[in-house]
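input.tsv follows (TSV, C-alpha atoms):
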chain	number	residue	atom	x	y	z
A	412	MET	CA	0.21	49.39	39.40
A	413	THR	CA	1.00	46.02	40.99
A	414	GLU	CA	3.77	44.09	39.24
A	415	LEU	CA	2.88	40.59	38.08
A	416	ALA	CA	4.63	37.66	39.72
A	417	PHE	CA	7.45	36.29	37.56
A	418	ASP	CA	5.85	32.81	37.46
A	419	LEU	CA	2.69	34.35	36.02
A	420	VAL	CA	4.73	36.30	33.49
A	421	CYS	CA	6.36	33.03	32.41
A	422	GLU	CA	2.95	31.39	31.94
A	423	ILE	CA	1.78	34.28	29.78
A	424	LEU	CA	4.96	34.40	27.69
A	425	ALA	CA	4.82	30.62	27.13
A	426	ARG	CA	1.68	31.24	25.05
A	427	VAL	CA	3.17	34.02	22.92
A	428	PRO	CA	4.23	33.21	19.29
A	429	VAL	CA	7.93	32.85	18.57
A	430	LYS	CA	8.08	35.87	16.25
A	431	ASP	CA	6.95	38.09	19.14
A	432	LEU	CA	9.28	36.47	21.66
A	433	LEU	CA	12.21	37.26	19.37
A	434	ARG	CA	11.27	40.94	19.58
A	435	PHE	CA	10.71	40.72	23.35
A	436	ARG	CA	14.34	39.68	23.91
A	437	CYS	CA	15.15	43.39	23.85
A	438	VAL	CA	12.78	44.17	26.76
A	439	CYS	CA	15.17	43.17	29.55
A	440	LYS	CA	18.00	40.79	30.39
A	441	SER	CA	15.78	38.52	32.49
A	442	TRP	CA	13.43	37.93	29.55
A	443	ARG	CA	16.35	37.22	27.21
A	444	SER	CA	17.70	34.66	29.71
A	445	LEU	CA	14.22	33.18	30.15
A	446	PHE	CA	13.83	32.56	26.41
A	447	GLU	CA	17.09	30.58	26.45
A	448	ASP	CA	16.08	28.47	29.46
A	449	GLU	CA	15.46	24.80	28.60
A	450	ALA	CA	12.44	24.49	30.93
A	451	PHE	CA	10.76	27.55	29.42
A	452	ILE	CA	11.45	26.37	25.86
A	453	ARG	CA	9.81	23.00	26.64
A	454	LYS	CA	6.82	24.73	28.26
A	455	HIS	CA	6.45	27.00	25.22
A	456	THR	CA	6.56	23.96	22.94
A	457	THR	CA	3.42	22.50	24.59
A	458	HIS	CA	1.46	25.66	23.72
A	459	ALA	CA	2.93	26.35	20.28
A	460	PRO	CA	0.38	26.47	17.42
A	461	SER	CA	0.52	24.16	14.41
A	462	MET	CA	2.37	25.38	11.33
A	463	PHE	CA	3.06	23.74	7.98
A	464	LEU	CA	6.03	23.43	5.70
A	465	LEU	CA	5.05	23.20	2.04
A	466	ALA	CA	7.50	21.62	-0.39
A	467	ALA	CA	6.31	22.83	-3.80
A	468	TRP	CA	7.78	21.05	-6.81
A	469	TRP	CA	6.50	23.05	-9.78
A	470	PRO	CA	7.54	25.18	-11.62
A	471	GLN	CA	10.58	25.33	-9.31
A	472	TYR	CA	11.33	23.50	-6.08
A	473	ARG	CA	10.43	25.80	-3.18
A	474	LEU	CA	10.01	25.46	0.58
A	475	ARG	CA	7.35	27.67	2.13
A	476	THR	CA	6.23	28.03	5.74
A	477	CYS	CA	2.50	28.19	6.30
A	478	THR	CA	0.10	29.13	9.06
A	479	TYR	CA	-3.26	27.39	9.31
A	480	GLU	CA	-6.13	29.50	10.59
A	481	GLY	CA	-8.76	26.97	11.54
A	482	LEU	CA	-11.71	29.32	11.91
A	483	ALA	CA	-11.13	31.07	8.60
A	484	LEU	CA	-9.94	27.85	6.96
A	485	LYS	CA	-7.21	29.84	5.30
A	486	MET	CA	-3.55	29.04	4.66
A	487	ILE	CA	-1.04	31.90	4.44
A	488	PHE	CA	2.26	31.14	2.75
A	489	GLN	CA	5.50	32.89	3.60
A	490	GLU	CA	8.81	32.47	1.82
A	491	PRO	CA	11.65	31.22	4.03
A	492	GLU	CA	15.20	32.00	2.99
A	493	LEU	CA	16.11	28.33	2.35
A	494	ASN	CA	15.28	28.19	-1.36
A	495	ASN	CA	17.12	27.42	-4.56
A	496	GLY	CA	14.93	26.51	-7.49
A	497	ARG	CA	17.68	24.41	-9.09
A	498	GLU	CA	18.53	22.36	-6.01
A	499	LYS	CA	16.26	20.01	-4.13
A	500	THR	CA	16.27	20.09	-0.33
A	501	SER	CA	14.51	17.03	1.10
A	502	VAL	CA	12.71	17.04	4.45
A	503	ILE	CA	13.60	13.79	6.17
A	504	GLY	CA	12.35	14.32	9.71
A	505	HIS	CA	11.09	16.88	12.18
A	506	CYS	CA	10.95	17.16	15.96
A	507	ASP	CA	10.16	20.04	18.37
A	508	GLY	CA	9.93	22.57	15.57
A	509	LEU	CA	13.26	21.48	14.04
A	510	PHE	CA	13.55	19.92	10.58
A	511	CYS	CA	16.26	17.51	9.55
A	512	LEU	CA	17.07	18.26	5.90
A	513	GLU	CA	19.03	16.42	3.23
A	514	LEU	CA	20.80	18.96	1.04
A	515	GLN	CA	21.69	18.58	-2.63
A	516	ASP	CA	25.17	17.23	-1.82
A	517	THR	CA	23.52	14.54	0.44
A	518	SER	CA	24.81	16.23	3.59
A	519	LEU	CA	22.41	16.74	6.49
A	520	ALA	CA	21.35	19.95	8.18
A	521	VAL	CA	19.03	20.97	11.03
A	522	TRP	CA	16.72	23.91	10.39
A	523	ASN	CA	14.41	25.91	12.64
A	524	PRO	CA	12.13	27.91	10.30
A	525	ALA	CA	10.81	30.04	13.18
A	526	LEU	CA	14.30	31.18	14.22
A	527	ARG	CA	15.68	31.11	10.65
A	528	GLU	CA	18.60	28.97	11.87
A	529	LEU	CA	20.25	26.41	9.60
A	530	THR	CA	23.12	24.29	10.96
A	531	LYS	CA	24.96	21.65	8.94
A	532	VAL	CA	25.51	18.25	10.55
A	533	PRO	CA	29.07	16.86	10.33
A	534	ARG	CA	29.37	13.97	7.89
A	535	ILE	CA	29.59	10.50	9.39
A	536	ASP	CA	32.75	8.92	7.99
A	537	GLN	CA	31.90	10.45	4.59
A	538	GLN	CA	28.69	8.43	4.68
A	539	GLN	CA	26.23	9.24	1.88
A	540	THR	CA	22.61	9.56	3.03
A	541	ARG	CA	21.16	8.77	-0.38
A	542	GLY	CA	19.56	5.32	-0.32
A	543	MET	CA	19.21	5.29	3.48
A	544	ARG	CA	16.24	5.58	5.82
A	545	ILE	CA	16.61	8.26	8.47
A	546	GLY	CA	15.04	9.10	11.82
A	547	PHE	CA	15.24	12.38	13.75
A	548	CYS	CA	14.35	12.64	17.44
A	549	TYR	CA	15.01	14.19	20.85
A	550	ASP	CA	16.33	12.09	23.73
A	551	HIS	CA	15.18	13.71	26.99
A	552	SER	CA	17.48	11.46	29.05
A	553	ILE	CA	20.56	13.20	27.63
A	554	GLN	CA	18.83	16.41	26.45
A	555	ASP	CA	20.16	16.02	22.94
A	556	HIS	CA	18.80	15.37	19.46
A	557	LYS	CA	19.70	12.22	17.56
A	558	ILE	CA	19.79	11.09	13.95
A	559	VAL	CA	19.57	7.39	13.14
A	560	LEU	CA	20.54	6.11	9.67
A	561	MET	CA	19.82	2.68	8.17
A	562	PRO	CA	20.56	1.20	4.73
A	563	LEU	CA	17.55	-0.07	2.81
A	564	LYS	CA	18.59	-3.70	2.91
A	565	ASN	CA	21.24	-6.31	3.66
A	566	CYS	CA	22.87	-4.68	6.68
A	567	SER	CA	23.06	-5.69	10.35
A	568	LYS	CA	24.19	-2.28	11.63
A	569	ALA	CA	22.63	1.17	11.94
A	570	HIS	CA	24.31	4.48	12.68
A	571	VAL	CA	23.30	6.85	15.51
A	572	LEU	CA	24.56	10.41	15.77
A	573	THR	CA	23.96	12.63	18.82
A	574	LEU	CA	24.11	16.22	17.64
A	575	LYS	CA	25.32	18.52	20.44
A	576	SER	CA	27.93	16.04	21.63
A	577	SER	CA	28.86	15.12	18.01
A	578	VAL	CA	29.19	11.45	19.03
A	579	SER	CA	28.46	8.78	16.41
A	580	ARG	CA	28.33	5.03	16.90
A	581	MET	CA	27.17	1.82	15.25
A	582	ILE	CA	24.36	-0.22	16.83
A	583	ASP	CA	22.87	-3.62	16.04
A	584	PHE	CA	20.05	-3.71	13.52
A	585	PRO	CA	17.80	-6.83	13.44
A	586	TRP	CA	17.73	-7.31	9.69
A	587	ARG	CA	15.20	-9.73	8.15
A	588	GLN	CA	15.71	-11.47	4.83
A	589	ASN	CA	13.63	-10.25	1.86
A	590	CYS	CA	12.33	-7.32	3.87
A	591	GLU	CA	13.06	-3.68	3.13
A	592	LEU	CA	11.99	-0.25	4.34
A	593	MET	CA	9.37	1.18	2.02
A	594	SER	CA	10.81	3.56	-0.56
A	595	VAL	CA	7.71	5.78	-0.40
A	596	LYS	CA	9.10	8.02	2.35
A	597	LYS	CA	12.65	8.37	3.55
A	598	GLU	CA	11.94	9.65	7.04
A	599	GLY	CA	10.71	7.83	10.11
A	600	ILE	CA	7.73	9.16	12.09
A	601	LEU	CA	8.37	10.20	15.69
A	602	VAL	CA	5.67	9.27	18.21
A	603	GLY	CA	6.64	10.04	21.80
A	604	GLU	CA	9.98	8.34	22.38
A	605	ASN	CA	9.83	6.00	19.37
A	606	ILE	CA	10.43	6.36	15.63
A	607	PHE	CA	8.42	4.24	13.19
A	608	TRP	CA	9.03	3.19	9.58
A	609	SER	CA	6.77	1.23	7.29
A	610	LEU	CA	8.16	-2.01	5.86
A	611	TYR	CA	7.60	-3.76	2.58
A	612	ALA	CA	8.08	-7.52	2.48
A	613	HIS	CA	6.99	-10.53	0.47
A	614	GLU	CA	3.96	-12.10	2.12
A	615	SER	CA	5.87	-15.27	2.84
A	616	THR	CA	8.43	-13.38	4.94
A	617	ILE	CA	6.11	-11.24	7.08
A	618	GLU	CA	6.05	-12.65	10.60
A	619	ASN	CA	2.70	-12.12	12.35
A	620	GLY	CA	1.99	-9.12	10.12
A	621	GLU	CA	5.03	-7.28	11.52
A	622	ASN	CA	5.40	-4.74	8.71
A	623	ILE	CA	6.33	-1.74	10.85
A	624	LEU	CA	9.75	-1.11	12.39
A	625	SER	CA	10.19	0.93	15.58
A	626	PHE	CA	13.26	2.46	17.23
A	627	SER	CA	13.41	3.38	20.91
A	628	VAL	CA	15.03	6.80	21.24
A	629	VAL	CA	16.34	6.20	24.78
A	630	SER	CA	17.40	2.53	24.73
A	631	GLU	CA	18.46	2.66	21.04
A	632	THR	CA	16.88	-0.70	20.23
A	633	PHE	CA	14.76	-1.78	17.29
A	634	ASN	CA	11.52	-3.72	17.36
A	635	TYR	CA	9.14	-5.14	14.75
A	636	CYS	CA	5.45	-4.28	15.15
A	637	SER	CA	2.25	-5.56	13.59
A	638	GLY	CA	0.66	-3.18	11.11
A	639	PRO	CA	-2.97	-2.87	10.01
A	640	GLY	CA	-4.55	-5.76	8.10
A	641	GLY	CA	-3.59	-6.41	4.52
A	642	LYS	CA	-0.47	-5.78	2.51
A	643	PRO	CA	0.01	-2.04	1.88
A	644	VAL	CA	0.50	-0.88	-1.68
A	645	TYR	CA	1.09	2.73	-0.63
A	646	ARG	CA	1.29	3.48	3.09
A	647	VAL	CA	2.06	6.74	4.87
A	648	LEU	CA	2.69	6.92	8.62
A	649	LYS	CA	1.61	10.01	10.57
A	650	VAL	CA	0.82	11.10	14.15
A	651	LEU	CA	-2.83	11.57	15.08
A	652	ARG	CA	-3.74	12.77	18.59
A	653	GLY	CA	-0.44	11.47	19.92
A	654	SER	CA	-0.75	7.96	18.42
A	655	LEU	CA	0.73	6.36	15.34
A	656	CYS	CA	-1.57	6.65	12.34
A	657	ALA	CA	-1.32	4.59	9.13
A	658	VAL	CA	-2.91	5.81	5.89
A	659	ASP	CA	-3.29	3.18	3.16
A	660	GLU	CA	-4.31	4.01	-0.38
A	661	GLU	CA	-5.88	1.33	-2.53
A	662	ARG	CA	-6.80	1.44	-6.21
A	663	ALA	CA	-8.84	-1.43	-7.59
A	664	ASN	CA	-11.40	-1.56	-10.42
A	665	TYR	CA	-11.07	2.22	-10.87
A	666	CYS	CA	-12.14	2.72	-7.25
A	667	HIS	CA	-9.83	4.91	-5.20
A	668	VAL	CA	-10.06	4.20	-1.46
A	669	MET	CA	-8.15	5.75	1.44
A	670	LEU	CA	-8.10	3.82	4.72
A	671	VAL	CA	-7.01	5.50	7.94
A	672	TRP	CA	-5.94	3.39	10.93
A	673	CYS	CA	-4.99	4.47	14.45
A	674	ALA	CA	-2.69	2.43	16.71
A	675	ASP	CA	-3.38	1.47	20.31
A	676	HIS	CA	0.05	1.47	21.98
A	677	GLU	CA	1.15	-0.62	24.94
A	678	LYS	CA	1.05	1.48	28.12
A	679	GLU	CA	4.40	0.23	29.40
A	680	ASP	CA	6.16	0.31	26.03
A	681	LYS	CA	4.83	2.91	23.58
A	682	GLY	CA	7.08	1.42	20.90
A	683	ARG	CA	4.94	-1.69	20.82
A	684	ILE	CA	1.54	-1.67	19.15
A	685	LYS	CA	-1.25	-3.63	20.82
A	686	SER	CA	-3.90	-3.27	18.12
A	687	TRP	CA	-5.18	-1.14	15.25
A	688	SER	CA	-8.56	0.53	14.76
A	689	LYS	CA	-9.91	1.59	11.38
A	690	ILE	CA	-11.23	5.14	11.87
A	691	LEU	CA	-12.00	6.12	8.28
A	692	ARG	CA	-12.72	4.66	4.87
A	693	LEU	CA	-12.90	7.46	2.33
A	694	THR	CA	-13.78	7.05	-1.36
A	695	ALA	CA	-14.08	9.44	-4.30
A	696	SER	CA	-17.87	9.03	-4.10
A	697	ASP	CA	-17.81	10.18	-0.47
A	698	ILE	CA	-15.95	13.32	-1.45
A	699	GLU	CA	-18.27	14.03	-4.37
A	700	ARG	CA	-21.28	13.83	-2.05
A	701	SER	CA	-19.66	16.39	0.27
A	702	THR	CA	-18.58	18.77	-2.49
A	703	ARG	CA	-19.89	19.92	-5.85
A	704	TRP	CA	-16.97	18.58	-7.84
A	705	GLN	CA	-16.22	15.45	-9.84
A	706	VAL	CA	-13.20	13.73	-8.28
A	707	VAL	CA	-10.40	12.38	-10.46
A	708	GLU	CA	-8.09	11.37	-7.59
A	709	PHE	CA	-7.23	12.32	-4.04
A	710	ARG	CA	-4.61	11.67	-1.37
A	711	LEU	CA	-3.71	12.63	2.16
A	712	GLY	CA	-2.14	16.08	2.32
A	713	ALA	CA	-1.38	16.29	6.04
A	714	VAL	CA	-2.58	15.37	9.52
A	715	ILE	CA	-3.16	18.01	12.20
A	716	ASN	CA	-2.07	16.01	15.22
A	717	ARG	CA	-3.62	17.80	18.21
A	718	SER	CA	-7.01	18.59	16.68
A	719	GLY	CA	-7.37	15.28	14.87
A	720	LEU	CA	-8.06	16.81	11.46
A	721	LEU	CA	-7.03	15.49	8.05
A	722	LEU	CA	-6.10	17.70	5.10
A	723	VAL	CA	-7.02	15.92	1.87
A	724	LEU	CA	-5.68	17.02	-1.52
A	725	VAL	CA	-8.38	16.45	-4.15
A	726	ARG	CA	-7.94	16.65	-7.92
A	727	THR	CA	-11.21	17.70	-9.52
A	728	ARG	CA	-12.21	17.33	-13.14
A	729	GLU	CA	-13.43	20.93	-13.31
A	730	ILE	CA	-10.76	23.15	-11.71
A	731	GLY	CA	-7.78	21.02	-10.74
A	732	PHE	CA	-6.47	20.58	-7.19
A	733	LEU	CA	-8.31	21.69	-4.06
A	734	LEU	CA	-7.47	21.19	-0.39
A	735	TYR	CA	-10.16	19.99	2.02
A	736	GLU	CA	-10.25	19.66	5.78
A	737	TYR	CA	-11.82	16.42	6.98
A	738	ASN	CA	-13.15	16.46	10.56
A	739	LEU	CA	-13.10	12.88	11.88
A	740	GLU	CA	-15.42	13.60	14.81
A	741	LYS	CA	-18.07	15.42	12.78
A	742	ASP	CA	-17.57	13.41	9.56
A	743	ARG	CA	-17.50	16.67	7.62
A	744	MET	CA	-15.41	18.12	4.79
A	745	ARG	CA	-14.78	21.83	4.27
A	746	GLN	CA	-12.72	23.49	1.58
A	747	VAL	CA	-9.49	25.23	2.61
A	748	ASP	CA	-8.56	28.55	1.05
A	749	THR	CA	-4.88	28.01	0.26
A	750	CYS	CA	-4.12	31.33	-1.52
A	751	TYR	CA	-1.76	29.16	-3.57
A	752	LYS	CA	-2.23	26.79	-6.50
A	753	LEU	CA	-1.41	23.27	-5.34
A	754	ASN	CA	-0.46	20.26	-7.45
A	755	ASN	CA	-0.17	16.54	-6.90
A	756	HIS	CA	3.55	16.59	-6.05
A	757	ASP	CA	3.34	19.20	-3.28
A	758	LYS	CA	4.14	17.95	0.23
A	759	LEU	CA	2.78	19.37	3.48
A	760	GLU	CA	4.40	18.66	6.85
A	761	GLU	CA	2.91	19.83	10.13
A	762	TYR	CA	5.25	21.28	12.75
A	763	ILE	CA	5.18	23.68	15.69
A	764	ALA	CA	7.01	27.01	15.82
A	765	THR	CA	9.40	26.86	18.79
A	766	LEU	CA	12.54	28.37	20.32
A	767	VAL	CA	14.38	25.03	20.19
A	768	SER	CA	17.79	25.32	18.57
A	769	TYR	CA	20.69	23.02	17.75
This entry written out as structure tokens:
Amino acid sequence: MTELAFDLVCEILARVPVKDLLRFRCVCKSWRSLFEDEAFIRKHTTHAPSMFLLAAWWPQYRLRTCTYEGLALKMIFQEPELNNGREKTSVIGHCDGLFCLELQDTSLAVWNPALRELTKVPRIDQQQTRGMRIGFCYDHSIQDHKIVLMPLKNCSKAHVLTLKSSVSRMIDFPWRQNCELMSVKKEGILVGENIFWSLYAHESTIENGENILSFSVVSETFNYCSGPGGKPVYRVLKVLRGSLCAVDEERANYCHVMLVWCADHEKEDKGRIKSWSKILRLTASDIERSTRWQVVEFRLGAVINRSGLLLVLVRTREIGFLLYEYNLEKDRMRQVDTCYKLNNHDKLEEYIATLVSY
């Protein structure tokens, strides 16, 4: 039998799930070394399937990892070891299959659910993370992950920590009067080499509709960007097909509307946003026409980045909460079998299962 070329073996292994690669480390020394190689890990990341982390709040706070089987429209929940029903662990960022977590004592940790690795991050001058906005990213220029921390208001400095080198430093932050980072979500959203946060400001202080803040991972500079039209009451930022996505929820005259916008980024500077396109306006009536249920309320559950699908959590009058997949291209909704009873406070975060470690 002819032996396969090593390059071909690498291509095949780059498409194998992490749980199998962990077993394959025992095959031979060359495979074990390959799975620790930075180039192979990055190649594997580009082929890794989407997974989900579910933060369930009731009856006890639990974190569960989930696989999403698109053809069967079924979610399978597995218990990770990072659980304590009495203590809340907040997810405040994710990148390359790693999650940045805020633990109960406000310290930070980096967790790879695929490898079951949890590493605490050294405190920054005894800095408390509560009341701060946080970004988590990977800087390819130095091959290291970074955490950026910013107070909510009234501060001209931000803190940047590079993890492997354990170097922390203060950088300039272009603060604007009467403008604060929205308290809806603590974490920034990583798109390429930029992190984005949504801003809340009084209408009189918004300059040219610049209600989104971006941070360049490599140059470590901040920039204000124009958001979609209108003043957001509740806005969530996500990544959709590699671009920044803004989801606005509006409630007026008992009419619940969800607007989904997609950003067109500048080619030379992905941190700058050239324009926004409205790609979806979804109402309770739209959902009722696609399903057999009466809708009490609904909200975005998650975005599946690569396939461009939305997961919408719908509260029905008849049987409570259901999860639906919304296909933007086909304008079609299909119910997801979750094998788990969801509620309005549950949070879903998409990630990819990788060999990346800290």
Grab the atom CA of Thr573 of chain A to atom CA of Gly546 of chain A distance for me, in Å with one decimal place.
11.9 Å
Using all atoms listed in the file - which residues lie no farther than 10 Å from the point (19.6, 23.3, 28.1) in the file's frame? Write them as JSON, numbers by chain.
{"A": [447, 448, 449, 450, 451, 452, 453, 554, 555, 767, 768]}
Create the file for the chosen residues now, containing C-alpha atoms and written as a compact mmCIF listing (two decimals), in the coordinates of the input.
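Output (out.txt):
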# COMPACT_ATOMS: atom_id res chain seq x y z
CA GLU A 447 17.09 30.58 26.45
CA ASP A 448 16.08 28.47 29.46
CA GLU A 449 15.46 24.80 28.60
CA ALA A 450 12.44 24.49 30.93
CA PHE A 451 10.76 27.55 29.42
CA ILE A 452 11.45 26.37 25.86
CA ARG A 453 9.81 23.00 26.64
CA GLN A 554 18.83 16.41 26.45
CA ASP A 555 20.16 16.02 22.94
CA VAL A 767 14.38 25.03 20.19
CA SER A 768 17.79 25.32 18.57
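Computed from the coordinates, the atom CA of Arg475 of chain A to atom CA of Asp550 of chain A distance equals 28.1 Å.
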Contacts of segment 521-526 of chain A at 10 Å or less, counting only C-alpha atoms, minus same-chain residues fewer than 2 places along, as a PyMOL selection string?
chain A and resi 428-430+433+462+464+475-476+491-493+502+504-513+519+528-532+547+574+762-769
Residues from last step as file, C-alpha atoms, as a PDB file, in the coordinates of the input:
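again18.pdb, written as the output of this step:
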ATOM      1  CA  PRO A 428       4.230  33.210  19.290  1.00  0.00           C
ATOM      2  CA  VAL A 429       7.930  32.850  18.570  1.00  0.00           C
ATOM      3  CA  LYS A 430       8.080  35.870  16.250  1.00  0.00           C
ATOM      4  CA  LEU A 433      12.210  37.260  19.370  1.00  0.00           C
ATOM      5  CA  MET A 462       2.370  25.380  11.330  1.00  0.00           C
ATOM      6  CA  LEU A 464       6.030  23.430   5.700  1.00  0.00           C
ATOM      7  CA  ARG A 475       7.350  27.670   2.130  1.00  0.00           C
ATOM      8  CA  THR A 476       6.230  28.030   5.740  1.00  0.00           C
ATOM      9  CA  PRO A 491      11.650  31.220   4.030  1.00  0.00           C
ATOM     10  CA  GLU A 492      15.200  32.000   2.990  1.00  0.00           C
ATOM     11  CA  LEU A 493      16.110  28.330   2.350  1.00  0.00           C
ATOM     12  CA  VAL A 502      12.710  17.040   4.450  1.00  0.00           C
ATOM     13  CA  GLY A 504      12.350  14.320   9.710  1.00  0.00           C
ATOM     14  CA  HIS A 505      11.090  16.880  12.180  1.00  0.00           C
ATOM     15  CA  CYS A 506      10.950  17.160  15.960  1.00  0.00           C
ATOM     16  CA  ASP A 507      10.160  20.040  18.370  1.00  0.00           C
ATOM     17  CA  GLY A 508       9.930  22.570  15.570  1.00  0.00           C
ATOM     18  CA  LEU A 509      13.260  21.480  14.040  1.00  0.00           C
ATOM     19  CA  PHE A 510      13.550  19.920  10.580  1.00  0.00           C
ATOM     20  CA  CYS A 511      16.260  17.510   9.550  1.00  0.00           C
ATOM     21  CA  LEU A 512      17.070  18.260   5.900  1.00  0.00           C
ATOM     22  CA  GLU A 513      19.030  16.420   3.230  1.00  0.00           C
ATOM     23  CA  LEU A 519      22.410  16.740   6.490  1.00  0.00           C
ATOM     24  CA  GLU A 528      18.600  28.970  11.870  1.00  0.00           C
ATOM     25  CA  LEU A 529      20.250  26.410   9.600  1.00  0.00           C
ATOM     26  CA  THR A 530      23.120  24.290  10.960  1.00  0.00           C
ATOM     27  CA  LYS A 531      24.960  21.650   8.940  1.00  0.00           C
ATOM     28  CA  VAL A 532      25.510  18.250  10.550  1.00  0.00           C
ATOM     29  CA  PHE A 547      15.240  12.380  13.750  1.00  0.00           C
ATOM     30  CA  LEU A 574      24.110  16.220  17.640  1.00  0.00           C
ATOM     31  CA  TYR A 762       5.250  21.280  12.750  1.00  0.00           C
ATOM     32  CA  ILE A 763       5.180  23.680  15.690  1.00  0.00           C
ATOM     33  CA  ALA A 764       7.010  27.010  15.820  1.00  0.00           C
ATOM     34  CA  THR A 765       9.400  26.860  18.790  1.00  0.00           C
ATOM     35  CA  LEU A 766      12.540  28.370  20.320  1.00  0.00           C
ATOM     36  CA  VAL A 767      14.380  25.030  20.190  1.00  0.00           C
ATOM     37  CA  SER A 768      17.790  25.320  18.570  1.00  0.00           C
ATOM     38  CA  TYR A 769      20.690  23.020  17.750  1.00  0.00           C
TER      39      TYR A 769
END
For a cut-off of 12 Å around (-7.1, 8.7, 15.1), file coordinates, pick out all residues using only C-alpha atoms and list them as a VMD selection string.
chain A and resid 648 to 658 670 to 675 687 to 691 714 to 721 738 to 740
Limited to C-alpha atoms, could you put the picked residues into a file as a compact mmCIF listing (two decimals), in the coordinates of the input?
# COMPACT_ATOMS: atom_id res chain seq x y z
CA LEU A 648 2.69 6.92 8.62
CA LYS A 649 1.61 10.01 10.57
CA VAL A 650 0.82 11.10 14.15
CA LEU A 651 -2.83 11.57 15.08
CA ARG A 652 -3.74 12.77 18.59
CA GLY A 653 -0.44 11.47 19.92
CA SER A 654 -0.75 7.96 18.42
CA LEU A 655 0.73 6.36 15.34
CA CYS A 656 -1.57 6.65 12.34
CA ALA A 657 -1.32 4.59 9.13
CA VAL A 658 -2.91 5.81 5.89
CA LEU A 670 -8.10 3.82 4.72
CA VAL A 671 -7.01 5.50 7.94
CA TRP A 672 -5.94 3.39 10.93
CA CYS A 673 -4.99 4.47 14.45
CA ALA A 674 -2.69 2.43 16.71
CA ASP A 675 -3.38 1.47 20.31
CA TRP A 687 -5.18 -1.14 15.25
CA SER A 688 -8.56 0.53 14.76
CA LYS A 689 -9.91 1.59 11.38
CA ILE A 690 -11.23 5.14 11.87
CA LEU A 691 -12.00 6.12 8.28
CA VAL A 714 -2.58 15.37 9.52
CA ILE A 715 -3.16 18.01 12.20
CA ASN A 716 -2.07 16.01 15.22
CA ARG A 717 -3.62 17.80 18.21
CA SER A 718 -7.01 18.59 16.68
CA GLY A 719 -7.37 15.28 14.87
CA LEU A 720 -8.06 16.81 11.46
CA LEU A 721 -7.03 15.49 8.05
CA ASN A 738 -13.15 16.46 10.56
CA LEU A 739 -13.10 12.88 11.88
CA GLU A 740 -15.42 13.60 14.81
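Proximity of A:Cys421, A:Gly712, A:Cys439, A:Leu734 to Ala466 of chain A, computed with only C-alpha atoms, is greatest for A:Gly712.
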Ala569 of chain A environment, 7 Å, only C-alpha atoms, sequence neighbours closer than 5 positions dropped, as a ChimeraX atom specification
/A:560-561,581-584
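Separating atom CA of Pro533 of chain A from atom CA of Glu598 of chain A is a distance of 18.9 Å.
With all atoms listed in the file as the basis for measurement, A:Asn634 is the residue among A:Thr457, A:Asn754, A:Asn634, A:Ser579 that approaches Ile684 of chain A most closely.
Distances here use all atoms listed in the file; by that measure, the residue among A:Cys437, A:Ala416, A:Ile545, A:Met669 closest to Lys557 of chain A is A:Ile545.
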Neighbours of segment 700-708 of chain A within 8 Å (all atoms listed in the file; same-chain residues fewer than 2 positions away dropped), as a ChimeraX atom specification?
/A:667,695-698,710,725-729,743-744
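Minimum atom-to-atom distance to Leu724 of chain A, evaluated using only C-alpha atoms, belongs to A:Leu759 out of A:Cys750, A:Leu759, A:Cys477, A:Ala459.
Closest approach to His551 of chain A among A:Val628, A:Val723, A:Val647, A:Leu514 is made by A:Val628 (distances from all atoms listed in the file).
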Applying 9 Å and all atoms listed in the file, which residues near Lys752 of chain A remain after dropping the ones on its own chain fewer than 3 positions away? List them as JSON, numbers by chain.
{"A": [732, 733, 749]}
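For the residues A:Glu660, A:Asp748, A:Glu699, A:Glu631, ranking by smallest atom-to-atom distance to Gly682 of chain A using all atoms listed in the file places A:Glu631 first.
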